[in-house]
file work_1.cif (mmCIF, C-alpha atoms (C1' of nucleotides))
data_structure
loop_
_atom_site.label_atom_id
_atom_site.label_comp_id
_atom_site.auth_asym_id
_atom_site.auth_seq_id
_atom_site.Cartn_x
_atom_site.Cartn_y
_atom_site.Cartn_z
CA MET A 251 1.33 2.34 68.71
CA ALA A 252 0.71 0.64 72.01
CA SER A 253 -2.98 1.50 72.10
CA ASP A 254 -3.48 -0.83 69.13
CA ILE A 255 -2.66 -3.75 71.36
CA ARG A 256 -5.87 -4.33 73.19
CA PRO A 257 -7.06 -7.32 75.18
CA GLU A 258 -8.98 -9.65 72.90
CA ARG A 259 -12.06 -9.43 75.05
CA THR A 260 -12.70 -5.73 74.92
CA ARG A 261 -15.43 -4.34 72.75
CA ASP A 262 -13.98 -3.07 69.54
CA ALA A 263 -16.25 -2.44 66.61
CA ALA A 264 -13.45 -2.24 64.08
CA ARG A 265 -12.03 -5.54 65.20
CA THR A 266 -15.41 -7.23 65.18
CA LYS A 267 -16.12 -5.88 61.74
CA GLN A 268 -12.83 -7.29 60.55
CA ARG A 269 -13.58 -10.70 62.03
CA LEU A 270 -16.90 -10.62 60.20
CA LEU A 271 -15.23 -9.70 56.94
CA ASP A 272 -12.70 -12.49 57.30
CA ALA A 273 -15.33 -15.03 58.20
CA ALA A 274 -17.52 -13.85 55.35
CA ARG A 275 -14.65 -14.19 52.90
CA ASP A 276 -14.08 -17.80 53.94
CA GLU A 277 -17.74 -18.70 53.99
CA PHE A 278 -18.53 -17.14 50.62
CA ALA A 279 -15.40 -18.59 49.04
CA GLU A 280 -16.59 -22.02 50.06
CA TYR A 281 -20.34 -21.81 49.43
CA GLY A 282 -21.03 -18.69 47.38
CA ILE A 283 -23.68 -16.13 48.21
CA ALA A 284 -26.77 -18.25 47.85
CA GLY A 285 -25.12 -21.16 49.64
CA GLY A 286 -23.40 -19.10 52.31
CA ARG A 287 -25.04 -18.94 55.71
CA VAL A 288 -24.98 -15.83 57.86
CA GLU A 289 -25.31 -18.05 60.92
CA ARG A 290 -22.03 -19.78 60.10
CA ILE A 291 -20.35 -16.46 59.38
CA ALA A 292 -21.41 -15.05 62.75
CA ALA A 293 -20.27 -18.20 64.52
CA ALA A 294 -16.88 -18.17 62.79
CA ALA A 295 -16.50 -14.49 63.71
CA ARG A 296 -17.49 -15.34 67.30
CA CYS A 297 -20.23 -12.76 67.37
CA ASN A 298 -23.94 -12.46 67.10
CA LYS A 299 -25.74 -12.79 63.83
CA ALA A 300 -27.48 -9.47 64.33
CA LEU A 301 -24.19 -7.64 64.26
CA ILE A 302 -23.93 -8.45 60.58
CA TYR A 303 -26.97 -6.29 60.02
CA ALA A 304 -25.68 -3.59 62.32
CA TYR A 305 -22.43 -3.26 60.36
CA PHE A 306 -23.59 -4.28 56.91
CA ASP A 307 -26.95 -3.95 55.33
CA SER A 308 -27.60 -7.40 54.03
CA LYS A 309 -25.97 -10.66 53.07
CA ASN A 310 -25.31 -9.31 49.60
CA ALA A 311 -23.75 -6.16 51.01
CA LEU A 312 -21.59 -8.26 53.30
CA PHE A 313 -20.36 -10.23 50.32
CA ASP A 314 -19.63 -7.05 48.42
CA ALA A 315 -17.66 -5.62 51.33
CA ALA A 316 -15.70 -8.81 51.90
CA PHE A 317 -15.01 -9.23 48.20
CA ALA A 318 -13.96 -5.62 47.75
CA GLU A 319 -11.49 -5.90 50.60
CA HIS A 320 -10.19 -9.17 49.25
CA VAL A 321 -9.72 -7.70 45.77
CA GLN A 322 -7.92 -4.69 47.18
CA ALA A 323 -5.52 -6.94 49.07
CA HIS A 324 -4.97 -8.93 45.91
CA LEU A 325 -4.26 -5.85 43.84
CA ASP A 326 -1.82 -4.59 46.43
CA ARG A 327 -0.06 -7.93 46.41
CA VAL A 328 0.45 -8.72 42.74
CA ASN A 329 2.53 -5.86 41.40
CA PHE A 330 1.55 -5.80 37.77
CA ASP A 331 4.45 -5.38 35.39
CA GLY A 332 3.61 -4.72 31.76
CA THR A 333 7.19 -5.24 30.67
CA ASP A 334 7.60 -8.69 32.21
CA LEU A 335 4.36 -10.55 31.68
CA PRO A 336 5.79 -14.06 32.18
CA ALA A 337 6.93 -13.10 35.67
CA TYR A 338 3.55 -11.55 36.35
CA ALA A 339 1.85 -14.75 35.24
CA GLY A 340 4.16 -16.71 37.51
CA ARG A 341 3.22 -14.56 40.49
CA LEU A 342 -0.45 -14.97 39.68
CA PHE A 343 0.03 -18.71 39.42
CA ASP A 344 1.62 -18.80 42.86
CA ILE A 345 -1.19 -16.81 44.36
CA PHE A 346 -3.80 -19.11 42.87
CA GLU A 347 -1.93 -22.18 44.07
CA ASP A 348 -1.33 -20.88 47.58
CA ASP A 349 -4.80 -19.51 48.12
CA PRO A 350 -7.54 -21.27 46.15
CA ALA A 351 -10.09 -18.93 47.71
CA VAL A 352 -8.93 -16.22 45.31
CA ILE A 353 -10.24 -18.02 42.25
CA ARG A 354 -13.33 -19.28 43.99
CA LEU A 355 -14.33 -15.82 45.21
CA ALA A 356 -13.79 -14.33 41.77
CA SER A 357 -15.87 -17.11 40.24
CA TRP A 358 -18.73 -16.64 42.65
CA TYR A 359 -18.58 -12.93 41.98
CA ARG A 360 -18.78 -13.46 38.25
CA LEU A 361 -21.65 -15.92 38.55
CA GLU A 362 -23.74 -14.37 41.29
CA ARG A 363 -23.01 -10.69 40.95
CA SER A 364 -22.61 -10.26 37.24
CA ASN A 365 -24.98 -7.33 37.25
CA GLY A 366 -24.18 -4.22 39.18
CA PRO A 367 -21.72 -1.49 38.33
CA GLY A 368 -18.56 -3.45 39.06
CA LEU A 369 -15.92 -2.55 41.60
CA PRO A 370 -14.30 0.83 40.96
CA ALA A 371 -10.97 -0.50 42.25
CA VAL A 372 -11.01 -3.26 39.66
CA ILE A 373 -12.08 -0.98 36.84
CA SER A 374 -9.35 1.54 37.54
CA ALA A 375 -6.78 -1.20 38.04
CA ASN A 376 -7.72 -2.64 34.67
CA GLN A 377 -7.43 0.72 32.99
CA ALA A 378 -4.06 1.35 34.57
CA ARG A 379 -2.85 -2.04 33.38
CA LEU A 380 -4.09 -1.52 29.87
CA GLU A 381 -2.36 1.84 29.82
CA LYS A 382 0.90 0.28 30.91
CA LEU A 383 0.59 -2.37 28.23
CA ARG A 384 -0.12 0.20 25.53
CA GLN A 385 2.84 2.20 26.73
CA ALA A 386 5.08 -0.86 26.51
CA GLN A 387 3.70 -1.53 23.05
CA SER A 388 4.38 1.98 21.82
CA GLU A 389 7.92 1.72 23.15
CA GLY A 390 8.41 -1.50 21.24
CA LYS A 391 8.90 -3.51 24.41
CA LEU A 392 5.77 -5.56 23.87
CA THR A 393 4.27 -7.19 20.81
CA ASP A 394 1.47 -5.31 19.14
CA ARG A 395 0.23 -8.45 17.48
CA TRP A 396 -2.91 -8.00 19.55
CA ASP A 397 -4.36 -5.04 21.33
CA ALA A 398 -3.63 -4.60 25.01
CA THR A 399 -6.99 -5.95 26.12
CA ALA A 400 -6.44 -9.26 24.37
CA ILE A 401 -2.98 -9.61 25.83
CA LEU A 402 -4.18 -8.96 29.36
CA VAL A 403 -7.10 -11.35 29.01
CA LEU A 404 -4.97 -14.11 27.52
CA VAL A 405 -2.21 -13.79 30.10
CA GLN A 406 -4.59 -13.89 33.03
CA SER A 407 -6.44 -16.80 31.53
CA ILE A 408 -3.23 -18.78 31.09
CA ALA A 409 -2.11 -17.96 34.62
CA SER A 410 -5.35 -19.31 36.03
CA ALA A 411 -5.56 -22.30 33.70
CA TRP A 412 -4.63 -24.87 36.35
CA ALA A 413 -6.80 -23.26 38.98
CA THR A 414 -10.02 -23.47 36.99
CA LEU A 415 -9.82 -27.12 36.06
CA ASN A 416 -12.91 -29.23 36.22
CA PRO A 417 -12.83 -31.83 38.98
CA GLU A 418 -12.43 -34.63 36.48
CA PHE A 419 -8.90 -33.52 35.73
CA SER A 420 -7.58 -34.03 39.21
CA ALA A 421 -8.51 -37.67 38.79
CA THR A 422 -5.85 -38.04 36.16
CA THR A 423 -2.31 -37.41 37.30
CA ALA A 424 -1.66 -33.73 36.85
CA PRO A 425 1.94 -32.56 36.62
CA ASP A 426 3.59 -31.32 39.78
CA ARG A 427 3.50 -27.68 40.75
CA THR A 428 6.91 -26.81 39.33
CA THR A 429 5.97 -28.24 35.95
CA ARG A 430 2.63 -26.48 35.96
CA ARG A 431 4.27 -23.18 36.84
CA LEU A 432 6.82 -23.58 34.11
CA ALA A 433 4.10 -24.36 31.59
CA VAL A 434 2.32 -21.12 32.48
CA ILE A 435 5.41 -18.96 32.27
CA ASP A 436 6.59 -20.60 29.09
CA ALA A 437 3.18 -20.26 27.48
CA VAL A 438 3.08 -16.55 28.21
CA SER A 439 6.61 -16.13 26.92
CA ARG A 440 5.70 -17.75 23.63
CA LEU A 441 2.51 -15.74 23.45
CA ILE A 442 4.28 -12.39 23.53
CA ALA A 443 7.52 -13.41 21.88
CA PRO A 444 8.42 -11.28 18.85
CA ASP A 445 8.05 -13.07 15.52
CA MET B 22 -41.71 -43.46 13.08
CA ALA B 23 -45.09 -41.83 13.09
CA SER B 24 -45.94 -43.00 16.61
CA ASP B 25 -43.22 -40.69 17.92
CA ILE B 26 -45.27 -37.72 16.87
CA ARG B 27 -47.70 -37.34 19.71
CA PRO B 28 -50.04 -34.53 20.62
CA GLU B 29 -48.38 -32.12 23.03
CA ARG B 30 -51.06 -32.60 25.62
CA THR B 31 -50.85 -36.32 26.14
CA ARG B 32 -49.21 -37.77 29.21
CA ASP B 33 -45.71 -38.78 28.34
CA ALA B 34 -43.22 -39.43 31.08
CA ALA B 35 -40.20 -39.24 28.79
CA ARG B 36 -41.28 -35.94 27.39
CA THR B 37 -42.02 -34.52 30.83
CA LYS B 38 -38.68 -35.71 32.09
CA GLN B 39 -37.01 -33.97 29.18
CA ARG B 40 -38.87 -30.73 29.88
CA LEU B 41 -37.67 -30.97 33.46
CA LEU B 42 -34.09 -31.53 32.36
CA ASP B 43 -34.22 -28.57 30.01
CA ALA B 44 -35.77 -26.33 32.61
CA ALA B 45 -33.27 -27.50 35.20
CA ARG B 46 -30.37 -26.75 32.87
CA ASP B 47 -31.61 -23.19 32.37
CA GLU B 48 -32.37 -22.61 36.02
CA PHE B 49 -29.09 -23.99 37.30
CA ALA B 50 -27.09 -22.19 34.64
CA GLU B 51 -28.59 -18.96 35.87
CA TYR B 52 -28.64 -19.44 39.65
CA GLY B 53 -26.49 -22.46 40.47
CA ILE B 54 -27.55 -25.29 42.73
CA ALA B 55 -27.94 -23.41 45.98
CA GLY B 56 -29.64 -20.52 44.23
CA GLY B 57 -31.77 -22.59 41.90
CA ARG B 58 -35.38 -23.14 42.89
CA VAL B 59 -37.19 -26.39 42.21
CA GLU B 60 -40.46 -24.50 42.16
CA ARG B 61 -39.25 -22.39 39.25
CA ILE B 62 -37.94 -25.45 37.45
CA ALA B 63 -41.30 -27.18 37.77
CA ALA B 64 -43.11 -24.07 36.57
CA ALA B 65 -40.81 -23.67 33.59
CA ALA B 66 -41.36 -27.33 32.72
CA ARG B 67 -45.11 -26.83 33.09
CA CYS B 68 -45.48 -29.61 35.61
CA ASN B 69 -45.78 -30.23 39.29
CA LYS B 70 -42.88 -29.94 41.67
CA ALA B 71 -43.49 -33.44 43.00
CA LEU B 72 -42.66 -34.87 39.60
CA ILE B 73 -39.09 -33.76 40.11
CA TYR B 74 -38.89 -36.09 43.06
CA ALA B 75 -40.69 -38.85 41.20
CA TYR B 76 -38.21 -38.78 38.33
CA PHE B 77 -35.10 -37.64 40.18
CA ASP B 78 -34.13 -38.14 43.76
CA SER B 79 -33.23 -34.67 44.88
CA LYS B 80 -32.27 -31.23 43.69
CA ASN B 81 -28.64 -32.29 43.57
CA ALA B 82 -29.50 -35.38 41.57
CA LEU B 83 -31.53 -33.26 39.17
CA PHE B 84 -28.55 -31.00 38.66
CA ASP B 85 -26.32 -33.99 38.05
CA ALA B 86 -28.71 -35.41 35.49
CA ALA B 87 -29.16 -32.13 33.68
CA PHE B 88 -25.45 -31.40 33.74
CA ALA B 89 -24.52 -34.89 32.54
CA GLU B 90 -26.90 -34.58 29.62
CA HIS B 91 -25.58 -31.14 28.83
CA VAL B 92 -21.98 -32.32 28.92
CA GLN B 93 -22.77 -35.27 26.69
CA ALA B 94 -24.36 -32.97 24.14
CA HIS B 95 -21.33 -30.72 24.33
CA LEU B 96 -18.92 -33.61 23.83
CA ASP B 97 -20.91 -34.84 20.86
CA ARG B 98 -20.81 -31.37 19.37
CA VAL B 99 -17.18 -30.32 19.64
CA ASN B 100 -15.25 -32.89 17.67
CA PHE B 101 -11.85 -32.81 19.31
CA ASP B 102 -8.94 -32.85 16.89
CA GLY B 103 -5.50 -33.34 18.38
CA THR B 104 -3.81 -32.45 15.10
CA ASP B 105 -5.52 -29.09 14.66
CA LEU B 106 -5.75 -27.47 18.03
CA PRO B 107 -6.27 -23.90 16.78
CA ALA B 108 -9.38 -24.99 14.93
CA TYR B 109 -10.56 -26.86 18.01
CA ALA B 110 -10.05 -23.74 20.10
CA GLY B 111 -12.00 -21.74 17.54
CA ARG B 112 -14.91 -24.15 17.73
CA LEU B 113 -14.83 -23.98 21.52
CA PHE B 114 -14.79 -20.20 21.34
CA ASP B 115 -17.86 -20.21 19.12
CA ILE B 116 -19.71 -22.52 21.46
CA PHE B 117 -18.93 -20.34 24.45
CA GLU B 118 -20.00 -17.21 22.61
CA ASP B 119 -23.21 -18.68 21.24
CA ASP B 120 -24.27 -20.37 24.47
CA PRO B 121 -23.01 -18.69 27.63
CA ALA B 122 -24.81 -21.33 29.68
CA VAL B 123 -22.04 -23.78 28.82
CA ILE B 124 -19.43 -21.89 30.80
CA ARG B 125 -21.80 -21.01 33.58
CA LEU B 126 -22.90 -24.61 34.11
CA ALA B 127 -19.32 -25.81 34.13
CA SER B 128 -18.42 -23.12 36.64
CA TRP B 129 -21.26 -23.99 38.96
CA TYR B 130 -20.29 -27.62 38.68
CA ARG B 131 -16.71 -26.86 39.63
CA LEU B 132 -17.72 -24.68 42.54
CA GLU B 133 -20.66 -26.58 43.95
CA ARG B 134 -19.90 -30.16 43.03
CA SER B 135 -16.15 -30.33 43.32
CA ASN B 136 -16.37 -33.43 45.46
CA GLY B 137 -17.90 -36.58 44.13
CA PRO B 138 -16.43 -39.04 41.67
CA GLY B 139 -16.72 -36.87 38.57
CA LEU B 140 -18.63 -37.70 35.44
CA PRO B 141 -17.43 -40.89 33.74
CA ALA B 142 -18.18 -39.37 30.35
CA VAL B 143 -15.85 -36.46 31.06
CA ILE B 144 -13.12 -38.65 32.50
CA SER B 145 -13.10 -40.97 29.51
CA ALA B 146 -13.32 -38.07 27.08
CA ASN B 147 -10.30 -36.49 28.76
CA GLN B 148 -8.34 -39.69 28.57
CA ALA B 149 -9.20 -40.15 24.93
CA ARG B 150 -8.07 -36.61 24.21
CA LEU B 151 -4.82 -37.01 26.07
CA GLU B 152 -4.20 -40.21 24.17
CA LYS B 153 -4.77 -38.46 20.86
CA LEU B 154 -2.42 -35.68 21.86
CA ARG B 155 0.28 -38.13 22.89
CA GLN B 156 -0.19 -39.95 19.64
CA ALA B 157 0.22 -36.73 17.70
CA GLN B 158 3.29 -35.93 19.75
CA SER B 159 4.91 -39.29 19.11
CA GLU B 160 4.26 -38.86 15.40
CA GLY B 161 5.97 -35.50 15.50
CA LYS B 162 2.79 -33.67 14.53
CA LEU B 163 2.57 -31.82 17.84
CA THR B 164 5.16 -30.12 20.00
CA ASP B 165 6.41 -32.11 22.95
CA ARG B 166 7.56 -28.96 24.71
CA TRP B 167 4.96 -29.79 27.35
CA ASP B 168 3.19 -32.97 28.21
CA ALA B 169 -0.25 -33.59 26.76
CA THR B 170 -2.07 -32.59 29.92
CA ALA B 171 -0.52 -29.14 29.95
CA ILE B 172 -1.32 -28.61 26.29
CA LEU B 173 -4.95 -29.57 26.75
CA VAL B 174 -5.34 -27.40 29.82
CA LEU B 175 -3.71 -24.40 28.20
CA VAL B 176 -5.69 -24.67 24.99
CA GLN B 177 -9.00 -24.95 26.76
CA SER B 178 -8.11 -22.10 29.05
CA ILE B 179 -7.25 -19.86 26.12
CA ALA B 180 -10.42 -20.81 24.30
CA SER B 181 -12.52 -19.81 27.30
CA ALA B 182 -10.52 -16.70 28.13
CA TRP B 183 -13.14 -14.25 26.88
CA ALA B 184 -16.00 -16.20 28.39
CA THR B 185 -14.69 -16.12 31.94
CA LEU B 186 -14.04 -12.41 32.18
CA ASN B 187 -14.95 -10.58 35.32
CA PRO B 188 -17.85 -8.16 34.88
CA GLU B 189 -15.53 -5.18 35.16
CA PHE B 190 -14.06 -5.94 31.76
CA SER B 191 -17.26 -5.53 29.83
CA ALA B 192 -17.29 -1.97 31.07
CA THR B 193 -14.26 -1.22 28.99
CA THR B 194 -14.67 -1.64 25.27
CA ALA B 195 -13.80 -5.23 24.49
CA PRO B 196 -12.81 -6.10 20.92
CA ASP B 197 -15.49 -7.43 18.62
CA ARG B 198 -16.17 -11.11 18.27
CA THR B 199 -14.08 -11.61 15.15
CA THR B 200 -11.06 -10.03 16.81
CA ARG B 201 -11.54 -12.05 19.96
CA ARG B 202 -11.84 -15.25 17.97
CA LEU B 203 -8.72 -14.48 16.02
CA ALA B 204 -6.82 -13.76 19.22
CA VAL B 205 -7.77 -17.18 20.58
CA ILE B 206 -6.82 -19.07 17.44
CA ASP B 207 -3.61 -17.15 17.02
CA ALA B 208 -2.63 -17.64 20.64
CA VAL B 209 -3.07 -21.39 20.36
CA SER B 210 -1.13 -21.43 17.13
CA ARG B 211 1.81 -19.69 18.74
CA LEU B 212 1.55 -21.94 21.77
CA ILE B 213 2.08 -25.12 19.80
CA ALA B 214 4.21 -23.73 17.00
CA PRO B 215 7.51 -25.57 16.56
CA ASP B 216 10.54 -23.60 17.71
"C1'" DA C 247 -24.86 8.74 83.05
"C1'" DC C 248 -24.33 7.94 78.38
"C1'" DC C 249 -23.55 5.79 74.26
"C1'" DA C 250 -21.34 2.51 71.38
"C1'" DT C 251 -21.35 -2.19 71.26
"C1'" DG C 252 -23.30 -6.48 71.60
"C1'" DT C 253 -27.14 -10.20 72.91
"C1'" DC C 254 -31.55 -12.46 72.85
"C1'" DA C 255 -35.49 -13.96 71.01
"C1'" DA C 256 -38.92 -13.63 67.76
"C1'" DT C 257 -40.90 -13.65 62.99
"C1'" DA C 258 -42.29 -13.95 58.51
"C1'" DA C 259 -41.07 -15.87 54.43
"C1'" DC C 260 -39.13 -19.48 52.06
"C1'" DC C 261 -37.84 -24.00 50.44
"C1'" DG C 262 -36.95 -28.80 49.67
"C1'" DG C 263 -39.44 -32.67 50.10
"C1'" DT C 264 -43.91 -35.60 51.04
"C1'" DT C 265 -48.56 -37.41 50.84
"C1'" DA C 266 -52.98 -38.65 49.45
"C1'" DG C 267 -55.59 -38.59 45.86
"C1'" DA C 268 -57.26 -37.42 40.96
"C1'" DT C 269 -57.16 -38.45 35.99
"C1'" DA C 270 -55.92 -39.87 31.44
"C1'" DG C 271 -55.27 -43.56 28.75
"C1'" DA C 272 -54.24 -48.43 28.05
"C1'" DT C 273 -56.06 -53.07 28.55
"C1'" DA C 274 -58.96 -56.82 28.79
"C1'" DG C 275 -63.20 -59.23 29.24
"C1'" DA C 276 -67.93 -59.47 27.33
"C1'" DT D 111 -67.56 -52.35 20.13
"C1'" DC D 112 -68.53 -51.17 24.70
"C1'" DT D 113 -67.26 -50.80 29.38
"C1'" DA D 114 -65.03 -52.06 33.83
"C1'" DT D 115 -60.52 -52.13 35.65
"C1'" DC D 116 -55.88 -51.05 36.22
"C1'" DT D 117 -51.68 -48.38 36.15
"C1'" DA D 118 -48.61 -44.79 34.97
"C1'" DT D 119 -48.76 -40.05 35.21
"C1'" DC D 120 -49.76 -36.01 37.32
"C1'" DT D 121 -51.67 -32.53 40.87
"C1'" DA D 122 -53.04 -29.70 45.01
"C1'" DA D 123 -52.16 -29.07 49.47
"C1'" DC D 124 -49.27 -29.46 53.08
"C1'" DC D 125 -45.09 -30.02 56.47
"C1'" DG D 126 -41.10 -29.45 59.15
"C1'" DG D 127 -37.15 -27.22 59.20
"C1'" DT D 128 -34.29 -23.39 57.78
"C1'" DT D 129 -33.07 -18.55 56.81
"C1'" DA D 130 -32.43 -13.74 56.54
"C1'" DT D 131 -33.80 -10.02 59.01
"C1'" DT D 132 -35.54 -7.13 62.93
"C1'" DG D 133 -36.66 -4.84 67.34
"C1'" DA D 134 -36.29 -4.80 72.20
"C1'" DC D 135 -33.11 -5.22 75.63
"C1'" DA D 136 -28.41 -5.73 78.13
"C1'" DT D 137 -23.77 -4.31 79.07
"C1'" DG D 138 -19.20 -2.62 79.03
"C1'" DG D 139 -16.18 1.43 78.76
"C1'" DT D 140 -15.29 6.14 79.67
#
call {"tool": "encode", "arguments": {"input": "work_1.cif", "output": "structure tokens"}}
result
Amino acid sequence: MASDIRPERTRDAARTKQRLLDAARDEFAEYGIAGGRVERIAAAARCNKALIYAYFDSKNALFDAAFAEHVQAHLDRVNFDGTDLPAYAGRLFDIFEDDPAVIRLASWYRLERSNGPGLPAVISANQARLEKLRQAQSEGKLTDRWDATAILVLVQSIASAWATLNPEFSATTAPDRTTRRLAVIDAVSRLIAPD
Amino acid sequence: MASDIRPERTRDAARTKQRLLDAARDEFAEYGIAGGRVERIAAAARCNKALIYAYFDSKNALFDAAFAEHVQAHLDRVNFDGTDLPAYAGRLFDIFEDDPAVIRLASWYRLERSNGPGLPAVISANQARLEKLRQAQSEGKLTDRWDATAILVLVQSIASAWATLNPEFSATTAPDRTTRRLAVIDAVSRLIAPD
DNA sequence: ACCATGTCAATAACCGGTTAGATAGATAGA
DNA sequence: TCTATCTATCTAACCGGTTATTGACATGGT
């Protein structure tokens, strides 16, 4: 509706909050929680540092909020398909290539926020995926060589293989993107191929 | 020789340096560079904080030294075998399971030290591995479906699949270690199996 | 006028890094 | 062997700058 189009200058808490979340996502993706600076986040969001504490409770809480939103966007984007895992891996590969912040944020989360209950959205998404995989298995559309958990873990690991390389590897000549993508898709295909 | 056996209390720069390196490895594995505290490292090494700056130049340099030593120990331990990649993946899996600090340190390194020239030991180890893989390929002992780089990347990614899980996964019941190990070895086997 | 929204400025704690000096142990001269 | 001297090793205390966080105040919109 037209009322959504507001002059940039007007006071709008929702918009400011969103700018903070975006800035926080970028800052934390680059430096992590311990290395991230609320000062830089406020500056990038073009607002005062104190607003962070008005809208969020703490730096940690800001990370959690930004990460949760980021994960939700990611989940909405991927479109998991338990009956075509190679294609799913290919989509994941593209996401990781196009937006390196995805892997970095997830890595920081794993390293710096390994305690805590975990994000409900992620837990339920995982369960839904596992259910889909088990369904595909029971219908004979997917190998039951391994249980669904192993399949999901292996596929995601293969899809992110090129995105989690140690810096030393980029020194050597890595294959081009098309080749890398093909390697991922082909690897997943072989993984789940019937005997 | 007997002179190497010294009382614990005596002043011994080499020994102190080693205590610092060990403490730094543990601290950085837990908290990363930005989150790691030199005060805690000094305390864990039972020595004064200033010694860190006498023996190393800075916190970053201390991380580099500790990480380089850790990587060297890891390289000495693994025993890469280009003609038996499933076994290699199994050994990697065991290392990651037995010592979670290995993955954590490597992750921090990737995230917080992605610039810089990279460790010469890692670069040369990679090149040696690629050469072995290419050798095996040219002898027909290894599939040439992908180039050596892709094979190495995929194998290592599969081997570390269970060690890089997001925290949400541990909430669900993950398979036991034997099952996980078998999944890794089997996945690598299928990856490189001849058509 | 009223309240949500935002600013300003202060603060207390923290942290990497430094400095001046103490001390253990080796060394050398007697 | 004894002791004065020297040096590597180590320590306590400190410093300047940074950081997350807060409370008092301003301001725009309705």
call {"tool": "interface_residues", "arguments": {"input": "work_1.cif", "of": "chain D", "to": "chain A", "cutoff": "9 Å", "atoms": "all atoms listed in the file", "output": "list in words"}}
result
DT129, DA130, DT131, DT132, DG138 and DG139 of chain D
call {"tool": "atom_distance", "arguments": {"input": "work_1.cif", "atom1": "atom CA of Ile144 of chain B", "atom2": "atom CA of Phe88 of chain B"}}
result
14.4 Å
call {"tool": "interface_residues", "arguments": {"input": "work_1.cif", "of": "chain C", "to": "chain B", "cutoff": "9 Å", "atoms": "all atoms listed in the file", "output": "PyMOL selection string"}}
result
chain C and resi 261-264+270-271
call {"tool": "closest_atom_pairs", "arguments": {"input": "work_1.cif", "of": "chain A", "to": "chain B", "cutoff": "6 Å", "atoms": "all atoms listed in the file", "output": "JSON lines"}}
result
{"residue": "A:Ala284", "atom": "CA", "partner": "B:Gly56", "partner_atom": "CA", "distance": 5.1}
{"residue": "A:Gly285", "atom": "CA", "partner": "B:Ala55", "partner_atom": "CA", "distance": 5.1}
{"residue": "A:Arg360", "atom": "CA", "partner": "B:Asn187", "partner_atom": "CA", "distance": 5.6}
{"residue": "A:Ser364", "atom": "CA", "partner": "B:Pro188", "partner_atom": "CA", "distance": 5.7}
{"residue": "A:Gly368", "atom": "CA", "partner": "B:Glu189", "partner_atom": "CA", "distance": 5.2}
{"residue": "A:Ile373", "atom": "CA", "partner": "B:Glu189", "partner_atom": "CA", "distance": 5.7}
{"residue": "A:Ser407", "atom": "CA", "partner": "B:Ala182", "partner_atom": "CA", "distance": 5.3}
{"residue": "A:Ala411", "atom": "CA", "partner": "B:Ser178", "partner_atom": "CA", "distance": 5.3}
{"residue": "A:Asn416", "atom": "CA", "partner": "B:Arg131", "partner_atom": "CA", "distance": 5.6}
{"residue": "A:Pro417", "atom": "CA", "partner": "B:Ser135", "partner_atom": "CA", "distance": 5.7}
{"residue": "A:Glu418", "atom": "CA", "partner": "B:Gly139", "partner_atom": "CA", "distance": 5.3}
call {"tool": "atom_distance", "arguments": {"input": "work_1.cif", "atom1": "atom CA of Gly161 of chain B", "atom2": "atom CA of Pro215 of chain B"}}
result
10.1 Å
call {"tool": "closest_atom_pairs", "arguments": {"input": "work_1.cif", "of": "chain C", "to": "segment 117-122 of chain D", "cutoff": "12 Å", "atoms": "all atoms listed in the file", "output": "Markdown table"}}
result
| residue | atom | partner | partner_atom | distance |
| --- | --- | --- | --- | --- |
| C:DT265 | C1' | D:DA122 | C1' | 10.7 |
| C:DA266 | C1' | D:DA122 | C1' | 10.0 |
| C:DG267 | C1' | D:DT121 | C1' | 8.8 |
| C:DA268 | C1' | D:DT121 | C1' | 7.4 |
| C:DT269 | C1' | D:DC120 | C1' | 7.9 |
| C:DA270 | C1' | D:DT119 | C1' | 8.1 |
| C:DG271 | C1' | D:DA118 | C1' | 9.2 |
| C:DA272 | C1' | D:DT117 | C1' | 8.5 |
| C:DT273 | C1' | D:DT117 | C1' | 9.9 |
call {"tool": "closest_atom_pairs", "arguments": {"input": "work_1.cif", "of": "segment 263-337 of chain A", "to": "segment 247-252 of chain C", "cutoff": "8 Å", "atoms": "all atoms listed in the file", "output": "tab-separated table"}}
result
residue	atom	partner	partner_atom	distance
A:Ala263	CA	C:DT251	C1'	6.9
A:Asn298	CA	C:DG252	C1'	7.5
A:Leu301	CA	C:DG252	C1'	7.5
call {"tool": "resolve_selection", "arguments": {"input": "work_1.cif", "expression": "the PyMOL selection byres ((chain A and resi 392) around 9)", "output": "NGL selection string"}}
result
:A and (332-333 or 383-391 or 393-395 or 442-444)
call {"tool": "residues_around", "arguments": {"input": "work_1.cif", "residues": "Arg61 of chain B", "least_positions_apart": "3", "cutoff": "10 Å", "atoms": "all atoms listed in the file", "output": "number ranges by chain"}}
result
B: 44-45, 48, 57-58, 64-67, 70
call {"tool": "write_last_selection", "arguments": {"input": "work_1.cif", "atoms": "C-alpha atoms", "output": "PDB file, in the coordinates of the input"}}
result
ATOM      1  CA  ALA B  44     -35.770 -26.330  32.610  1.00  0.00           C
ATOM      2  CA  ALA B  45     -33.270 -27.500  35.200  1.00  0.00           C
ATOM      3  CA  GLU B  48     -32.370 -22.610  36.020  1.00  0.00           C
ATOM      4  CA  GLY B  57     -31.770 -22.590  41.900  1.00  0.00           C
ATOM      5  CA  ARG B  58     -35.380 -23.140  42.890  1.00  0.00           C
ATOM      6  CA  ALA B  64     -43.110 -24.070  36.570  1.00  0.00           C
ATOM      7  CA  ALA B  65     -40.810 -23.670  33.590  1.00  0.00           C
ATOM      8  CA  ALA B  66     -41.360 -27.330  32.720  1.00  0.00           C
ATOM      9  CA  ARG B  67     -45.110 -26.830  33.090  1.00  0.00           C
ATOM     10  CA  LYS B  70     -42.880 -29.940  41.670  1.00  0.00           C
TER      11      LYS B  70
END
